[in-house]
Structure formats: C-alpha cells, structure tokens
Amino acid sequence: MTPKLYILDQQDQRANRLQVILSFVAEAHERIGEDDLVAALAKEPKAVVILGALTSQQHEAIIEANPEAAFLLLGETLKPLLRHANTVGLLTEPFAYASLTQQLRDCQEYHRLLPGQRFHEISGKFVGMVGSTAPMQQVRFLIQQVAKTDANVLILGESGTGKEVVARNIHVLSHRADGPFVPINCGAIPAELLESELFGHEKGAFTGAISTRKGRFELAQGGTLFLDEIGDMPLPMQVKLLRVLQERTYERVGGNQPIRADVRIIAATHRQLEGMIEDGRFREDLYYRLNVFPIETPALKERAEDLPLLVQELQARLDSNNQAGIKFTERALESLKLHPWPGNVRELANLVERLTIMYPGQVIDVAELPHKYRHIEVDTYVPHYPEALLERDVINEMFQFNDDDDDDGAQQLNSQLGGGGLEYLPEHGLDLKQYLADLEVSLINQALERHDYVVARAADILSLRRTTLVEKMRKYNLMRDEGESYSE
C-alpha cells in the first residue's frame, strides 16, 4: 500500500503552490491540520509528511513521536531538524519538479527499508524459503513484487540453489494460487516427445498414441507452468514455444483445434543463456520473451550465514519422516560455513541426511564430518580408558578364535606380527602387559616407517584417529628428536 502524503503548513500560499506541483507528480496528497495529523499518524503511522510552519512550534515533538513517518521539511528555518533520522530532506522555494520527485522517492525508500517492515510483510507467506541474509531478502522482495502480476519470470542460478522453490512461491503468492502448479524438466524429456508433453496429442497422432492426452499447458490451465532447465530445450521446440507465448494459443499434436493458453510461464536454467544465444543454441527472441522479470537465486557460498537455519530446516524435514534427529556443534557449523558448496543447498541436504543415517540421535562435531567438510583444526576430545580395560580389549581381539581354529589362529597372529610373535605361551610365562606394550610399539613404528612418518597415513593403516596415534607416540616416547617434525 502506498503511504499517504500529508501537507502540514500554516503558510497558505506556500502550501497551495506545493499542492499544484504535487498534482503534476501524481501523488495522492492531503492538506491537514496539526491535530488531525496527530490522529491520522496514530491510526496509520507509515506516511509521508511535508512539514512547514506551525504556530505551536511543535515540529520536533511531532517528528520524534512518529519514527515510522518520513518527513520533508519546508523552509531553511527548519534545517536544524535534519539531525533526526526520519527527516529525509529539505524543500525550499521555488519548488522544482525534479528535486521534489527525488525526495519523494527517498521517502519511499525510507519506508521500504524500515526495520522489521519487510519481515512483517512477508513472514508466514513463503514456503520452504529459509534464510535471513541480504541475498535471500532480495529474492523474497522480488518474488513478492512479481507474484501479483502475470509477467513471465526467468529464474537463474547454479544447480541446487532452489529455483523450483522460488517458482512455487511465486505461484502461491499470485492470484493463480488456487490453480495448478505444473513443472516440467525440459532437459529430461527426449526432443521427439517434448512437444507432446507440452501440448498434448490427439488419438492416432503418431505410433503409440492410442488415446487423446492433455499436455502440460492444458494441465496448467488457470495456474502456473514451470519450465525447468529451459536452456536444454531443442531449437525446433523453442520456435513452437515462442509462438505460444506470442499468440497465447496452441494445438495438440495431430489436432487442428486452437486451445487458449491461460497460464503463467516461469522458466529456470543454470546455463548462461546469453552465451548460448551467441553460439546459436538459444533463440534471442525467446530469451527476451521469458526474461521479462529475472530473479537470480544466490549460491549457498554467498549466504553462508544462512547455513544454521538451513540445517535446522533440513533436520525438521527428516524428523517429520521419522528419522532420528542430529545436532551440530558450533564448531561443526563454522567448518561447514567455510565449505564452497558446489552442489549448493542440494549438497547440504544430502550431507545432513547422510550424517543422520550414520549418527542417529547424536551430536555432530568436526571429527564426524566427512574429510572434505573439515575446514578448521580443533582439539577433539580423546577418551582415556583404564589400562585394565584396554588390555582386556586387546586380548579379546588377539585371541578371538574358535576352539577348532587354535592352530590356524596362532599362525595367523604370528604372521601378522611379522614372524616375531609368540606362537604359544612359554613354559616360564611372560609379563603380558609389557609384551602387549612392546607389540604396540613395534606395530606403530612399522606403520610410521612404512609411510615415511606421515602420522595421518600411519593412523589410517592402524585404524586409529590421528589424535589417538599422537597420544600413543607420546606415551611410548616415540616422538622424533627436537628439530624434526611429523607430517600431518
């Protein structure tokens, strides 16, 4: 709704001259008294007020009491009041059409960007659009502006940025919301079948057409047709689509009866259509027919601050499917924010689902993220267990053989130890704790030497975490001499 414009000025001649100029600007305006203005702003605080001479001298009180109103001051004597944030400009005589229209535009901008205003206007209306960063606010604003019209929309952006979500929201906020939303992926249908998919066909129109079939245009009648991946549409089909957009009628394949196309067209692509036009792979006239109102969906890397909200939304969707939820630590989220996300939101959704399967109901830290998503170094908690528990676990692993496999098991263990292990317990016995410690030291040294002391690779071959291996090396004093370092 356009804010009301009030003129409050007790210099009658000046106010009359201003009204004449405003009539050319085509702004709906009203001259008003001081008491009536106070009452009007109490009812509708978002307004434009041209404030001039007042015998009460209550200029400052009126300005301060109405922070949502944008004020234009009349005359040099009021210039000191420009220190208030909601005094947008100063008007002086002679009034000029150009300067007046510019200052009225600035008042519109004051209202458009009013804190909380855009959120108040759009909250609760959008479906599946998560994020509060500037790029997402701009997308929401564009959707809200174009939804009330029937203009063709072209949605641009990388794969996985949610172009269909944008298209659905345009439909939901439009006057066609009660009609169908019909999507079609132009790149997923063979060229020879695409015409039939879009326009339908009559019975017997071609081999296999055993009955009359409606196309997507007909199914979307009264609603919205979403042409996804329009850049993959073959050139012959582009010509036919252009004709429909121009004439707003089409015929089924094999038919001669024109059908009126009462649909709103939204197209989307991840391709650079202007480059395709230069290469002769996309028609320039079709491009300009579709590109009436372009909307570019931002890549996830351009709105990394939205990532916690997106993760929360994706988790909620999985919870609704009865999949055990997961939580992310702040460190894990910070690491994810540093990822370039070539697959955008779709890649993030896949990651959240994968982690939900792997760690149901658990808390995810950096250590649980796949390697390519670990972009920060953190000290991960490494549990320390009682020696008795560790020894029992090692013994269980070493002697986990069936009775019938004792000999084979002993030989296998001896082979794993490089022939240096004990095949049978000596008659005089042994110090088991020391024996296991020596065995562990030997295996760690072998792993380090085999991989040129690259700790991470040695840890992999021993099925240990890198931090666990480092702790063991410190425990057994296996760190290199001072001045030498291990590769991570």
# chains A, B, ... in the order shown; residues from 1 in each chain; ligands from 1
$ residues_around --residues "Ala447 in chain A" --least-positions-apart "4" --cutoff "10 Å" --atoms "only C-alpha atoms" --output "ChimeraX atom specification"
/A:441-443,451-455,457-462
$ write_last_selection --atoms "C-alpha atoms" --output "CSV table (one decimal), in the first residue's frame"
chain,number,residue,atom,x,y,z
A,441,VAL,CA,55.3,-50.0,19.9
A,442,SER,CA,56.6,-52.4,17.2
A,443,LEU,CA,53.4,-52.0,15.1
A,451,HIS,CA,54.5,-44.2,5.4
A,452,ASP,CA,57.6,-42.0,5.9
A,453,TYR,CA,56.4,-40.8,9.3
A,454,VAL,CA,53.2,-39.2,7.9
A,455,VAL,CA,51.1,-39.5,11.0
A,457,ARG,CA,48.5,-42.2,6.9
A,458,ALA,CA,50.0,-44.3,9.7
A,459,ALA,CA,46.9,-43.8,11.8
A,460,ASP,CA,44.7,-44.9,8.8
A,461,ILE,CA,46.6,-48.2,8.4
A,462,LEU,CA,46.3,-48.8,12.2
$ closest_atom_pairs --of "range 251-337 of chain A" --to "range 354-364 of chain A" --cutoff "7 Å" --atoms "only C-alpha atoms" --output "Markdown table"
| residue | atom | partner | partner_atom | distance |
| --- | --- | --- | --- | --- |
| A:Ala324 | CA | A:Pro360 | CA | 5.1 |
| A:Gly325 | CA | A:Gly361 | CA | 5.0 |
| A:Ile326 | CA | A:Gly361 | CA | 4.9 |
| A:Lys327 | CA | A:Val363 | CA | 4.6 |
| A:Phe328 | CA | A:Ile364 | CA | 4.7 |
| A:Thr329 | CA | A:Ile364 | CA | 6.1 |
| A:Ala332 | CA | A:Ile364 | CA | 6.9 |
$ write_last_selection --atoms "N, CA and C atoms" --output "PDB file, in the first residue's frame"
ATOM      1  N   ALA A 324      15.740 -40.343  13.056  1.00  0.00           N
ATOM      2  CA  ALA A 324      16.292 -39.799  14.298  1.00  0.00           C
ATOM      3  C   ALA A 324      17.089 -38.536  14.013  1.00  0.00           C
ATOM      4  N   GLY A 325      16.802 -37.468  14.755  1.00  0.00           N
ATOM      5  CA  GLY A 325      17.454 -36.194  14.513  1.00  0.00           C
ATOM      6  C   GLY A 325      18.890 -36.161  15.007  1.00  0.00           C
ATOM      7  N   ILE A 326      19.657 -35.208  14.478  1.00  0.00           N
ATOM      8  CA  ILE A 326      21.031 -34.985  14.913  1.00  0.00           C
ATOM      9  C   ILE A 326      21.182 -33.517  15.273  1.00  0.00           C
ATOM     10  N   LYS A 327      22.243 -33.225  16.004  1.00  0.00           N
ATOM     11  CA  LYS A 327      22.566 -31.847  16.357  1.00  0.00           C
ATOM     12  C   LYS A 327      23.996 -31.566  15.914  1.00  0.00           C
ATOM     13  N   PHE A 328      24.273 -30.300  15.583  1.00  0.00           N
ATOM     14  CA  PHE A 328      25.612 -29.899  15.184  1.00  0.00           C
ATOM     15  C   PHE A 328      26.202 -28.984  16.246  1.00  0.00           C
ATOM     16  N   THR A 329      27.476 -29.181  16.565  1.00  0.00           N
ATOM     17  CA  THR A 329      28.162 -28.249  17.452  1.00  0.00           C
ATOM     18  C   THR A 329      28.434 -26.954  16.692  1.00  0.00           C
ATOM     19  N   ALA A 332      31.282 -27.379  14.304  1.00  0.00           N
ATOM     20  CA  ALA A 332      30.926 -28.077  13.070  1.00  0.00           C
ATOM     21  C   ALA A 332      30.253 -27.123  12.088  1.00  0.00           C
TER      22      ALA A 332
END
$ residues_around --residues "range 214-216 of chain A" --least-positions-apart "4" --cutoff "7 Å" --atoms "only C-alpha atoms" --output "list in words"
Val182, Ser196, Glu197, Leu198, Phe199, Gly200, His201 and Ala220 of chain A
$ write_last_selection --atoms "all heavy atoms" --output "PDB file, in the first residue's frame"
ATOM      1  N   VAL A 182       2.288 -26.712 -12.420  1.00  0.00           N
ATOM      2  CA  VAL A 182       2.711 -27.862 -13.217  1.00  0.00           C
ATOM      3  C   VAL A 182       4.169 -27.675 -13.650  1.00  0.00           C
ATOM      4  O   VAL A 182       4.472 -26.809 -14.463  1.00  0.00           O
ATOM      5  CB  VAL A 182       1.820 -28.044 -14.456  1.00  0.00           C
ATOM      6  CG1 VAL A 182       2.289 -29.237 -15.281  1.00  0.00           C
ATOM      7  CG2 VAL A 182       0.362 -28.218 -14.043  1.00  0.00           C
ATOM      8  N   SER A 196       4.765 -33.282 -27.479  1.00  0.00           N
ATOM      9  CA  SER A 196       3.578 -33.965 -26.974  1.00  0.00           C
ATOM     10  C   SER A 196       3.411 -33.726 -25.476  1.00  0.00           C
ATOM     11  O   SER A 196       2.291 -33.554 -24.993  1.00  0.00           O
ATOM     12  CB  SER A 196       3.674 -35.467 -27.261  1.00  0.00           C
ATOM     13  OG  SER A 196       2.617 -36.171 -26.644  1.00  0.00           O
ATOM     14  N   GLU A 197       4.524 -33.703 -24.739  1.00  0.00           N
ATOM     15  CA  GLU A 197       4.450 -33.465 -23.297  1.00  0.00           C
ATOM     16  C   GLU A 197       3.922 -32.068 -22.998  1.00  0.00           C
ATOM     17  O   GLU A 197       3.155 -31.871 -22.062  1.00  0.00           O
ATOM     18  CB  GLU A 197       5.833 -33.631 -22.663  1.00  0.00           C
ATOM     19  CG  GLU A 197       6.248 -35.063 -22.422  1.00  0.00           C
ATOM     20  CD  GLU A 197       5.420 -35.735 -21.333  1.00  0.00           C
ATOM     21  OE1 GLU A 197       5.007 -35.038 -20.373  1.00  0.00           O
ATOM     22  OE2 GLU A 197       5.165 -36.943 -21.444  1.00  0.00           O
ATOM     23  N   LEU A 198       4.328 -31.087 -23.807  1.00  0.00           N
ATOM     24  CA  LEU A 198       3.905 -29.715 -23.553  1.00  0.00           C
ATOM     25  C   LEU A 198       2.478 -29.445 -24.029  1.00  0.00           C
ATOM     26  O   LEU A 198       1.688 -28.828 -23.323  1.00  0.00           O
ATOM     27  CB  LEU A 198       4.873 -28.735 -24.232  1.00  0.00           C
ATOM     28  CG  LEU A 198       6.229 -28.532 -23.549  1.00  0.00           C
ATOM     29  CD1 LEU A 198       7.120 -27.662 -24.406  1.00  0.00           C
ATOM     30  CD2 LEU A 198       6.052 -27.900 -22.174  1.00  0.00           C
ATOM     31  N   PHE A 199       2.159 -29.894 -25.259  1.00  0.00           N
ATOM     32  CA  PHE A 199       0.888 -29.509 -25.878  1.00  0.00           C
ATOM     33  C   PHE A 199      -0.146 -30.629 -25.933  1.00  0.00           C
ATOM     34  O   PHE A 199      -1.296 -30.381 -26.306  1.00  0.00           O
ATOM     35  CB  PHE A 199       1.144 -28.978 -27.290  1.00  0.00           C
ATOM     36  CG  PHE A 199       2.167 -27.879 -27.331  1.00  0.00           C
ATOM     37  CD1 PHE A 199       3.237 -27.942 -28.204  1.00  0.00           C
ATOM     38  CD2 PHE A 199       2.064 -26.793 -26.482  1.00  0.00           C
ATOM     39  CE1 PHE A 199       4.189 -26.933 -28.245  1.00  0.00           C
ATOM     40  CE2 PHE A 199       3.009 -25.772 -26.516  1.00  0.00           C
ATOM     41  CZ  PHE A 199       4.086 -25.843 -27.392  1.00  0.00           C
ATOM     42  N   GLY A 200       0.263 -31.864 -25.584  1.00  0.00           N
ATOM     43  CA  GLY A 200      -0.660 -32.986 -25.670  1.00  0.00           C
ATOM     44  C   GLY A 200      -0.773 -33.508 -27.097  1.00  0.00           C
ATOM     45  O   GLY A 200      -0.158 -32.972 -28.032  1.00  0.00           O
ATOM     46  N   HIS A 201      -1.566 -34.567 -27.296  1.00  0.00           N
ATOM     47  CA  HIS A 201      -1.738 -35.116 -28.649  1.00  0.00           C
ATOM     48  C   HIS A 201      -3.132 -35.725 -28.789  1.00  0.00           C
ATOM     49  O   HIS A 201      -3.783 -36.081 -27.803  1.00  0.00           O
ATOM     50  CB  HIS A 201      -0.668 -36.166 -28.954  1.00  0.00           C
ATOM     51  CG  HIS A 201      -0.667 -37.342 -28.025  1.00  0.00           C
ATOM     52  ND1 HIS A 201       0.267 -37.497 -27.022  1.00  0.00           N
ATOM     53  CD2 HIS A 201      -1.505 -38.415 -27.923  1.00  0.00           C
ATOM     54  CE1 HIS A 201       0.019 -38.609 -26.351  1.00  0.00           C
ATOM     55  NE2 HIS A 201      -1.062 -39.184 -26.877  1.00  0.00           N
ATOM     56  N   ALA A 220      -1.993 -27.108 -16.823  1.00  0.00           N
ATOM     57  CA  ALA A 220      -1.701 -25.920 -16.010  1.00  0.00           C
ATOM     58  C   ALA A 220      -2.715 -24.805 -16.233  1.00  0.00           C
ATOM     59  O   ALA A 220      -2.536 -23.701 -15.705  1.00  0.00           O
ATOM     60  CB  ALA A 220      -0.296 -25.411 -16.346  1.00  0.00           C
TER      61      ALA A 220
END
$ atom_distance --atom1 "CA of Pro94 in chain A" --atom2 "CA of Leu37 in chain A"
25.4 Å
$ closest_residue --among "A:Asp306, A:Pro298, A:Ile230, A:Gly255" --to "Arg271 in chain A" --atoms "only C-alpha atoms"
A:Ile230
$ select_by_dssp --residues "range 209-268 of chain A" --states "helix (DSSP H, G or I)" --output "PyMOL selection string"
chain A and resi 216-219+230-232+235-247
$ closest_residue --among "A:Ile21, A:Val253, A:Leu154, A:Leu51" --to "Leu194 in chain A" --atoms "only C-alpha atoms"
A:Val253
$ closest_residue --among "A:Ala42, A:Leu286, A:Ile63, A:Ile295" --to "Leu142 in chain A" --atoms "only C-alpha atoms"
A:Ile295
$ closest_residue --among "A:Ile277, A:Ala456, A:Leu425, A:Val25" --to "Ala98 in chain A" --atoms "only C-alpha atoms"
A:Val25
$ residues_around --residues "Ala70 in chain A" --least-positions-apart "3" --cutoff "7 Å" --atoms "only C-alpha atoms" --output "PyMOL selection string"
chain A and resi 47-49+86-88+107+110
$ write_last_selection --atoms "N, CA and C atoms" --output "PDB file, in the first residue's frame"
ATOM      1  N   ALA A  47       3.641   7.101   6.875  1.00  0.00           N
ATOM      2  CA  ALA A  47       3.150   8.139   5.972  1.00  0.00           C
ATOM      3  C   ALA A  47       4.297   9.071   5.605  1.00  0.00           C
ATOM      4  N   VAL A  48       4.042   9.937   4.613  1.00  0.00           N
ATOM      5  CA  VAL A  48       4.987  10.994   4.241  1.00  0.00           C
ATOM      6  C   VAL A  48       4.363  12.313   4.680  1.00  0.00           C
ATOM      7  N   VAL A  49       5.133  13.086   5.433  1.00  0.00           N
ATOM      8  CA  VAL A  49       4.631  14.363   5.941  1.00  0.00           C
ATOM      9  C   VAL A  49       5.546  15.479   5.469  1.00  0.00           C
ATOM     10  N   ASN A  86      14.446  10.388  10.749  1.00  0.00           N
ATOM     11  CA  ASN A  86      13.283  10.274   9.869  1.00  0.00           C
ATOM     12  C   ASN A  86      12.944  11.575   9.139  1.00  0.00           C
ATOM     13  N   THR A  87      13.822  12.589   9.206  1.00  0.00           N
ATOM     14  CA  THR A  87      13.685  13.765   8.342  1.00  0.00           C
ATOM     15  C   THR A  87      14.534  13.495   7.102  1.00  0.00           C
ATOM     16  N   VAL A  88      13.857  13.186   6.009  1.00  0.00           N
ATOM     17  CA  VAL A  88      14.534  12.687   4.808  1.00  0.00           C
ATOM     18  C   VAL A  88      15.163  13.801   3.988  1.00  0.00           C
ATOM     19  N   CYS A 107      11.728   9.133   0.322  1.00  0.00           N
ATOM     20  CA  CYS A 107      10.753   8.778   1.369  1.00  0.00           C
ATOM     21  C   CYS A 107      10.235   7.357   1.164  1.00  0.00           C
ATOM     22  N   TYR A 110      12.788   5.074   2.430  1.00  0.00           N
ATOM     23  CA  TYR A 110      12.780   5.043   3.897  1.00  0.00           C
ATOM     24  C   TYR A 110      11.748   4.030   4.389  1.00  0.00           C
TER      25      TYR A 110
END
$ residues_around --residues "range 238-250 of chain A" --least-positions-apart "4" --cutoff "6 Å" --atoms "only C-alpha atoms" --output "PyMOL selection string"
chain A and resi 258-261+286
$ atom_distance --atom1 "CA of Gln446 in chain A" --atom2 "CA of Thr468 in chain A"
16.6 Å
$ select_by_dssp --residues "range 141-296 of chain A" --states "strand (DSSP E)" --output "list of chain:residue names"
A:Val153, A:Leu154, A:Ile155, A:Leu156, A:Phe181, A:Val182, A:Pro183, A:Ile184, A:Asn185, A:Thr224, A:Leu225, A:Phe226, A:Leu227, A:Asp228, A:Thr249, A:Tyr250, A:Ile259, A:Arg260, A:Arg264, A:Ile265, A:Ile266, A:Ala267, A:Ala268, A:Thr269, A:Phe293, A:Pro294, A:Ile295, A:Glu296
$ write_last_selection --atoms "N, CA and C atoms" --output "short mmCIF file (atom, residue, chain, number, x, y, z; two decimals), in the first residue's frame"
data_model
loop_
_atom_site.label_atom_id
_atom_site.label_comp_id
_atom_site.auth_asym_id
_atom_site.auth_seq_id
_atom_site.Cartn_x
_atom_site.Cartn_y
_atom_site.Cartn_z
N VAL A 153 8.56 -14.94 -15.85
CA VAL A 153 9.70 -14.85 -14.93
C VAL A 153 10.77 -15.84 -15.38
N LEU A 154 12.02 -15.40 -15.37
CA LEU A 154 13.16 -16.28 -15.67
C LEU A 154 14.02 -16.36 -14.42
N ILE A 155 14.12 -17.56 -13.86
CA ILE A 155 14.90 -17.78 -12.64
C ILE A 155 16.27 -18.35 -13.03
N LEU A 156 17.31 -17.65 -12.63
CA LEU A 156 18.68 -18.03 -12.97
C LEU A 156 19.42 -18.43 -11.70
N PHE A 181 -0.05 -25.92 -10.18
CA PHE A 181 1.36 -25.62 -10.46
C PHE A 181 1.93 -26.85 -11.14
N VAL A 182 2.29 -26.71 -12.42
CA VAL A 182 2.71 -27.86 -13.22
C VAL A 182 4.17 -27.68 -13.65
N PRO A 183 5.09 -28.49 -13.10
CA PRO A 183 6.50 -28.39 -13.52
C PRO A 183 6.82 -29.39 -14.63
N ILE A 184 7.80 -29.04 -15.45
CA ILE A 184 8.32 -29.96 -16.45
C ILE A 184 9.79 -29.65 -16.65
N ASN A 185 10.61 -30.70 -16.65
CA ASN A 185 12.05 -30.54 -16.87
C ASN A 185 12.32 -30.72 -18.36
N THR A 224 0.01 -22.11 -13.13
CA THR A 224 1.38 -21.77 -13.49
C THR A 224 2.08 -22.96 -14.12
N LEU A 225 2.78 -22.72 -15.22
CA LEU A 225 3.61 -23.74 -15.87
C LEU A 225 5.07 -23.40 -15.62
N PHE A 226 5.79 -24.32 -14.99
CA PHE A 226 7.20 -24.10 -14.67
C PHE A 226 8.06 -24.90 -15.63
N LEU A 227 8.79 -24.20 -16.49
CA LEU A 227 9.67 -24.83 -17.48
C LEU A 227 11.08 -24.85 -16.92
N ASP A 228 11.42 -25.95 -16.27
CA ASP A 228 12.75 -26.07 -15.67
C ASP A 228 13.77 -26.46 -16.74
N THR A 249 -2.09 -19.19 -27.79
CA THR A 249 -2.88 -20.34 -28.22
C THR A 249 -1.95 -21.43 -28.71
N TYR A 250 -2.44 -22.67 -28.71
CA TYR A 250 -1.65 -23.79 -29.20
C TYR A 250 -2.60 -24.88 -29.66
N ILE A 259 -6.33 -24.05 -28.78
CA ILE A 259 -6.66 -24.05 -27.35
C ILE A 259 -6.02 -22.81 -26.73
N ARG A 260 -6.79 -22.05 -25.98
CA ARG A 260 -6.26 -20.84 -25.36
C ARG A 260 -5.36 -21.21 -24.18
N ARG A 264 0.44 -18.93 -16.54
CA ARG A 264 1.57 -18.04 -16.25
C ARG A 264 2.86 -18.84 -16.45
N ILE A 265 3.80 -18.29 -17.20
CA ILE A 265 5.04 -19.02 -17.54
C ILE A 265 6.17 -18.57 -16.62
N ILE A 266 6.78 -19.55 -15.95
CA ILE A 266 8.01 -19.33 -15.19
C ILE A 266 9.04 -20.31 -15.73
N ALA A 267 10.18 -19.80 -16.15
CA ALA A 267 11.25 -20.66 -16.68
C ALA A 267 12.47 -20.56 -15.77
N ALA A 268 13.31 -21.57 -15.83
CA ALA A 268 14.52 -21.58 -15.00
C ALA A 268 15.64 -22.29 -15.74
N THR A 269 16.87 -21.89 -15.44
CA THR A 269 18.03 -22.56 -16.03
C THR A 269 19.28 -22.23 -15.22
N PHE A 293 11.08 -10.65 -16.22
CA PHE A 293 11.40 -10.35 -14.83
C PHE A 293 12.39 -11.41 -14.33
N PRO A 294 13.70 -11.14 -14.40
CA PRO A 294 14.68 -12.13 -13.95
C PRO A 294 14.85 -12.13 -12.44
N ILE A 295 15.03 -13.32 -11.89
CA ILE A 295 15.36 -13.49 -10.47
C ILE A 295 16.56 -14.43 -10.40
N GLU A 296 17.60 -14.00 -9.72
CA GLU A 296 18.80 -14.84 -9.60
C GLU A 296 18.87 -15.43 -8.20
#
$ closest_residue --among "A:Glu330, A:Glu158, A:Asp35, A:Glu284" --to "Gln58 in chain A" --atoms "only C-alpha atoms"
A:Asp35
$ closest_residue --among "A:Ser99, A:Val165, A:Pro190, A:Gly254" --to "Glu202 in chain A" --atoms "only C-alpha atoms"
A:Gly254
$ residues_around --residues "Val130 in chain A" --least-positions-apart "3" --cutoff "10 Å" --atoms "only C-alpha atoms" --output "compact mmCIF listing (two decimals) with all heavy atoms, in the first residue's frame"
# COMPACT_ATOMS: atom_id res chain seq x y z
N PHE A 126 5.92 -17.36 2.80
CA PHE A 126 6.79 -18.13 1.92
C PHE A 126 6.91 -19.58 2.40
O PHE A 126 6.92 -19.85 3.59
CB PHE A 126 8.18 -17.49 1.84
CG PHE A 126 8.17 -16.19 1.09
CD1 PHE A 126 7.98 -15.00 1.75
CD2 PHE A 126 8.32 -16.17 -0.28
CE1 PHE A 126 7.95 -13.81 1.06
CE2 PHE A 126 8.30 -14.99 -0.98
CZ PHE A 126 8.11 -13.80 -0.30
N VAL A 127 7.02 -20.47 1.44
CA VAL A 127 7.09 -21.91 1.72
C VAL A 127 8.47 -22.43 1.33
O VAL A 127 8.87 -22.33 0.18
CB VAL A 127 6.00 -22.67 0.94
CG1 VAL A 127 6.10 -24.16 1.23
CG2 VAL A 127 4.62 -22.14 1.27
N THR A 133 19.72 -13.63 5.23
CA THR A 133 20.78 -12.79 4.68
C THR A 133 20.23 -11.87 3.60
O THR A 133 19.13 -12.08 3.07
CB THR A 133 21.91 -13.65 4.10
OG1 THR A 133 21.34 -14.56 3.15
CG2 THR A 133 22.63 -14.43 5.18
N MET A 136 18.89 -13.39 0.27
CA MET A 136 17.59 -14.06 0.38
C MET A 136 16.47 -13.05 0.59
O MET A 136 15.35 -13.22 0.08
CB MET A 136 17.61 -15.07 1.52
CG MET A 136 18.40 -16.33 1.20
SD MET A 136 17.82 -17.14 -0.32
CE MET A 136 16.15 -17.59 0.12
N GLN A 137 16.74 -11.98 1.31
CA GLN A 137 15.73 -10.93 1.47
C GLN A 137 15.42 -10.30 0.12
O GLN A 137 14.25 -9.99 -0.17
CB GLN A 137 16.23 -9.87 2.45
CG GLN A 137 16.27 -10.36 3.89
CD GLN A 137 16.72 -9.27 4.84
OE1 GLN A 137 16.82 -8.10 4.47
NE2 GLN A 137 17.00 -9.64 6.09
N ASP A 306 23.33 -18.17 6.42
CA ASP A 306 22.03 -18.83 6.48
C ASP A 306 22.15 -20.32 6.80
O ASP A 306 21.13 -20.99 7.01
CB ASP A 306 21.29 -18.69 5.14
CG ASP A 306 20.69 -17.31 4.96
OD1 ASP A 306 20.42 -16.66 5.98
OD2 ASP A 306 20.50 -16.89 3.81
N LEU A 307 23.37 -20.84 6.81
CA LEU A 307 23.57 -22.29 6.92
C LEU A 307 22.95 -22.89 8.19
O LEU A 307 22.29 -23.93 8.10
CB LEU A 307 25.05 -22.61 6.81
CG LEU A 307 25.37 -24.07 6.51
CD1 LEU A 307 26.50 -24.17 5.49
CD2 LEU A 307 25.78 -24.81 7.76
N PRO A 308 23.09 -22.29 9.37
CA PRO A 308 22.45 -22.89 10.56
C PRO A 308 20.93 -23.00 10.41
O PRO A 308 20.34 -24.00 10.81
CB PRO A 308 22.84 -21.93 11.69
CG PRO A 308 24.12 -21.31 11.23
CD PRO A 308 23.97 -21.16 9.74
N LEU A 309 20.30 -21.99 9.81
CA LEU A 309 18.85 -22.05 9.60
C LEU A 309 18.48 -23.14 8.60
O LEU A 309 17.48 -23.84 8.77
CB LEU A 309 18.34 -20.69 9.10
CG LEU A 309 18.39 -19.53 10.11
CD1 LEU A 309 17.98 -18.23 9.43
CD2 LEU A 309 17.49 -19.82 11.30
N LEU A 310 19.29 -23.27 7.55
CA LEU A 310 19.04 -24.31 6.56
C LEU A 310 19.18 -25.70 7.17
O LEU A 310 18.36 -26.58 6.92
CB LEU A 310 20.01 -24.16 5.38
CG LEU A 310 19.72 -23.02 4.41
CD1 LEU A 310 20.92 -22.76 3.52
CD2 LEU A 310 18.49 -23.33 3.57
N VAL A 311 20.22 -25.88 7.98
CA VAL A 311 20.42 -27.17 8.65
C VAL A 311 19.24 -27.49 9.55
O VAL A 311 18.73 -28.62 9.57
CB VAL A 311 21.74 -27.15 9.45
CG1 VAL A 311 21.82 -28.35 10.38
CG2 VAL A 311 22.94 -27.15 8.51
N GLN A 312 18.77 -26.49 10.26
CA GLN A 312 17.62 -26.68 11.15
C GLN A 312 16.38 -27.09 10.35
O GLN A 312 15.63 -27.99 10.76
CB GLN A 312 17.36 -25.38 11.91
CG GLN A 312 16.27 -25.50 12.97
CD GLN A 312 16.11 -24.20 13.75
OE1 GLN A 312 16.87 -23.26 13.58
NE2 GLN A 312 15.11 -24.15 14.59
N GLU A 313 16.16 -26.45 9.21
CA GLU A 313 15.01 -26.79 8.37
C GLU A 313 15.12 -28.20 7.81
O GLU A 313 14.15 -28.96 7.79
CB GLU A 313 14.92 -25.77 7.23
CG GLU A 313 13.90 -26.11 6.14
CD GLU A 313 12.46 -26.01 6.61
OE1 GLU A 313 12.22 -25.42 7.69
OE2 GLU A 313 11.57 -26.53 5.91
N LEU A 314 16.33 -28.57 7.36
CA LEU A 314 16.53 -29.92 6.81
C LEU A 314 16.35 -30.98 7.89
O LEU A 314 15.81 -32.06 7.62
CB LEU A 314 17.93 -30.00 6.18
CG LEU A 314 18.14 -29.13 4.94
CD1 LEU A 314 19.62 -29.06 4.58
CD2 LEU A 314 17.33 -29.65 3.76
